[in-house]
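Just start38.cif here, mmCIF, C-alpha atoms:
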data_query
loop_
_atom_site.label_atom_id
_atom_site.label_comp_id
_atom_site.auth_asym_id
_atom_site.auth_seq_id
_atom_site.Cartn_x
_atom_site.Cartn_y
_atom_site.Cartn_z
CA MET A 286 5.80 17.08 -2.87
CA ASP A 287 4.87 15.98 -6.35
CA PRO A 288 1.34 16.89 -7.57
CA ASP A 289 0.04 13.30 -7.47
CA LEU A 290 1.16 12.78 -3.87
CA ASP A 291 -0.22 16.18 -2.91
CA ALA A 292 -3.63 15.31 -4.40
CA ARG A 293 -3.73 11.95 -2.60
CA THR A 294 -2.73 13.62 0.66
CA VAL A 295 -5.53 16.16 0.39
CA GLU A 296 -8.01 13.41 -0.54
CA SER A 297 -6.94 11.36 2.49
CA LEU A 298 -7.22 14.36 4.79
CA PHE A 299 -10.78 15.07 3.69
CA ASP A 300 -11.69 11.38 3.90
CA LEU A 301 -10.49 11.30 7.52
CA LEU A 302 -12.41 14.49 8.28
CA ASP A 303 -15.58 12.97 6.76
CA GLU A 304 -15.10 9.83 8.85
CA PHE A 305 -14.63 11.88 12.03
CA LEU A 306 -17.81 13.84 11.33
CA GLU A 307 -19.75 10.62 10.67
CA LEU A 308 -18.45 9.08 13.89
CA ARG A 309 -19.30 12.21 15.84
CA ASP A 310 -22.90 11.94 14.64
CA GLU A 311 -23.30 8.25 15.52
CA HIS A 312 -25.02 7.17 18.72
CA ASP A 313 -22.44 7.52 21.50
CA GLY A 314 -19.87 8.68 18.93
CA MET A 315 -18.50 11.57 20.97
CA ASN A 316 -18.11 9.34 24.03
CA ARG A 317 -16.14 6.83 21.93
CA ILE A 318 -13.93 9.62 20.55
CA PHE A 319 -13.26 11.02 24.03
CA ALA A 320 -12.57 7.53 25.46
CA ALA A 321 -9.99 6.83 22.74
CA HIS A 322 -8.38 10.22 23.30
CA GLU A 323 -8.22 9.64 27.06
CA GLN A 324 -6.57 6.25 26.51
CA TRP A 325 -4.04 7.81 24.10
CA TYR A 326 -3.29 10.63 26.53
CA ARG A 327 -2.87 8.24 29.48
CA LEU A 328 -0.50 5.98 27.51
CA ARG A 329 1.58 8.98 26.44
CA GLU A 330 1.91 10.13 30.05
CA GLN A 331 2.83 6.63 31.28
CA ASN A 332 5.54 6.28 28.64
CA GLY A 333 7.07 9.73 29.00
CA CYS A 334 5.98 10.84 25.55
CA SER A 335 5.50 14.43 26.66
CA ALA A 336 9.26 14.91 26.68
CA THR A 337 10.75 16.23 23.47
CA ASP A 338 13.39 13.47 23.39
CA ALA A 339 10.89 10.66 23.97
CA PRO A 340 11.41 7.35 22.19
CA THR A 341 8.60 5.88 20.13
CA CYS A 342 5.25 6.34 21.80
CA PRO A 343 2.30 3.95 21.95
CA THR A 344 -0.62 4.32 19.59
CA VAL A 345 -4.33 3.77 20.13
CA ARG A 346 -6.87 2.22 17.81
CA TRP A 347 -9.39 4.96 17.17
CA PRO A 348 -13.07 4.04 16.89
CA ARG A 349 -14.41 3.49 13.40
CA VAL A 350 -17.67 4.60 11.84
CA ALA A 351 -20.14 1.71 11.60
CA SER A 352 -20.66 2.32 7.88
CA ARG A 353 -16.92 1.91 7.19
CA ILE A 354 -16.34 -1.32 9.11
CA LYS A 355 -16.18 -4.36 6.86
CA PRO A 356 -18.19 -7.39 8.02
CA ASN A 357 -16.19 -9.94 10.03
CA THR A 358 -13.38 -7.47 10.65
CA PRO A 359 -12.28 -7.52 14.30
CA THR A 360 -12.03 -4.12 15.98
CA LEU A 361 -11.08 -2.94 19.43
CA ASP A 362 -14.19 -0.80 19.50
CA ASN A 363 -16.72 -2.77 21.55
CA ASN A 364 -19.68 -0.96 20.06
CA HIS A 365 -19.26 -2.50 16.60
#
Would it be possible to restate this file's structure as structure tokens?
Amino acid sequence: MDPDLDARTVESLFDLLDEFLELRDEHDGMNRIFAAHEQWYRLREQNGCSATDAPTCPTVRWPRVASRIKPNTPTLDNNH
């Protein structure tokens, strides 16, 4: 990986970690995280994604931190 891509990758990783920690600290944040994980897990099981030769698997929209949601941006997270 070239140095520029490596630096952007590390920056993105820490940005995602910061967002997770912010979400965790929000009111009902852990419940929203667990609900999204449960939905992801259930969809994987329903579509046979546990098998090593599974085709593409469904994805889930993870909840976003309130401070990072732009006004008038639709989300699947009912709390924001």
| request: Could you expand the PyMOL selection byres ((chain A and resi 325) around 12) into the explicit residues it covers here, written as a list in words? | output: Ile318, Phe319, Ala320, Ala321, His322, Glu323, Gln324, Tyr326, Arg327, Leu328, Arg329, Glu330, Gln331, Asn332, Cys334, Ser335, Cys342, Pro343, Thr344, Val345, Arg346 and Trp347 of chain A
For the selection just defined, write its residues with C-alpha atoms to a file, as an mmCIF file, keeping the file's coordinate frame.
data_model
loop_
_atom_site.group_PDB
_atom_site.id
_atom_site.type_symbol
_atom_site.label_atom_id
_atom_site.label_comp_id
_atom_site.auth_asym_id
_atom_site.auth_seq_id
_atom_site.Cartn_x
_atom_site.Cartn_y
_atom_site.Cartn_z
ATOM 1 C CA ILE A 318 -13.930 9.620 20.550
ATOM 2 C CA PHE A 319 -13.260 11.020 24.030
ATOM 3 C CA ALA A 320 -12.570 7.530 25.460
ATOM 4 C CA ALA A 321 -9.990 6.830 22.740
ATOM 5 C CA HIS A 322 -8.380 10.220 23.300
ATOM 6 C CA GLU A 323 -8.220 9.640 27.060
ATOM 7 C CA GLN A 324 -6.570 6.250 26.510
ATOM 8 C CA TYR A 326 -3.290 10.630 26.530
ATOM 9 C CA ARG A 327 -2.870 8.240 29.480
ATOM 10 C CA LEU A 328 -0.500 5.980 27.510
ATOM 11 C CA ARG A 329 1.580 8.980 26.440
ATOM 12 C CA GLU A 330 1.910 10.130 30.050
ATOM 13 C CA GLN A 331 2.830 6.630 31.280
ATOM 14 C CA ASN A 332 5.540 6.280 28.640
ATOM 15 C CA CYS A 334 5.980 10.840 25.550
ATOM 16 C CA SER A 335 5.500 14.430 26.660
ATOM 17 C CA CYS A 342 5.250 6.340 21.800
ATOM 18 C CA PRO A 343 2.300 3.950 21.950
ATOM 19 C CA THR A 344 -0.620 4.320 19.590
ATOM 20 C CA VAL A 345 -4.330 3.770 20.130
ATOM 21 C CA ARG A 346 -6.870 2.220 17.810
ATOM 22 C CA TRP A 347 -9.390 4.960 17.170
#
| task | List, as a list in words, every residue that the PyMOL selection byres ((chain A and resi 302-313) around 9) selects in the file provided. | result | Ser297, Leu298, Phe299, Asp300, Leu301, Gly314, Met315, Asn316, Arg317, Ile318, Pro348, Arg349, Val350, Ala351, Ser352 and Arg353 of chain A
Listed atoms of range 322-336 of chain A boxed along x, y and z, 8 Å each side, centre and edge lengths in Å, one decimal, as JSON:
{"center_x": 0.4, "center_y": 10.4, "center_z": 27.3, "size_x": 33.6, "size_y": 24.9, "size_z": 24.0}
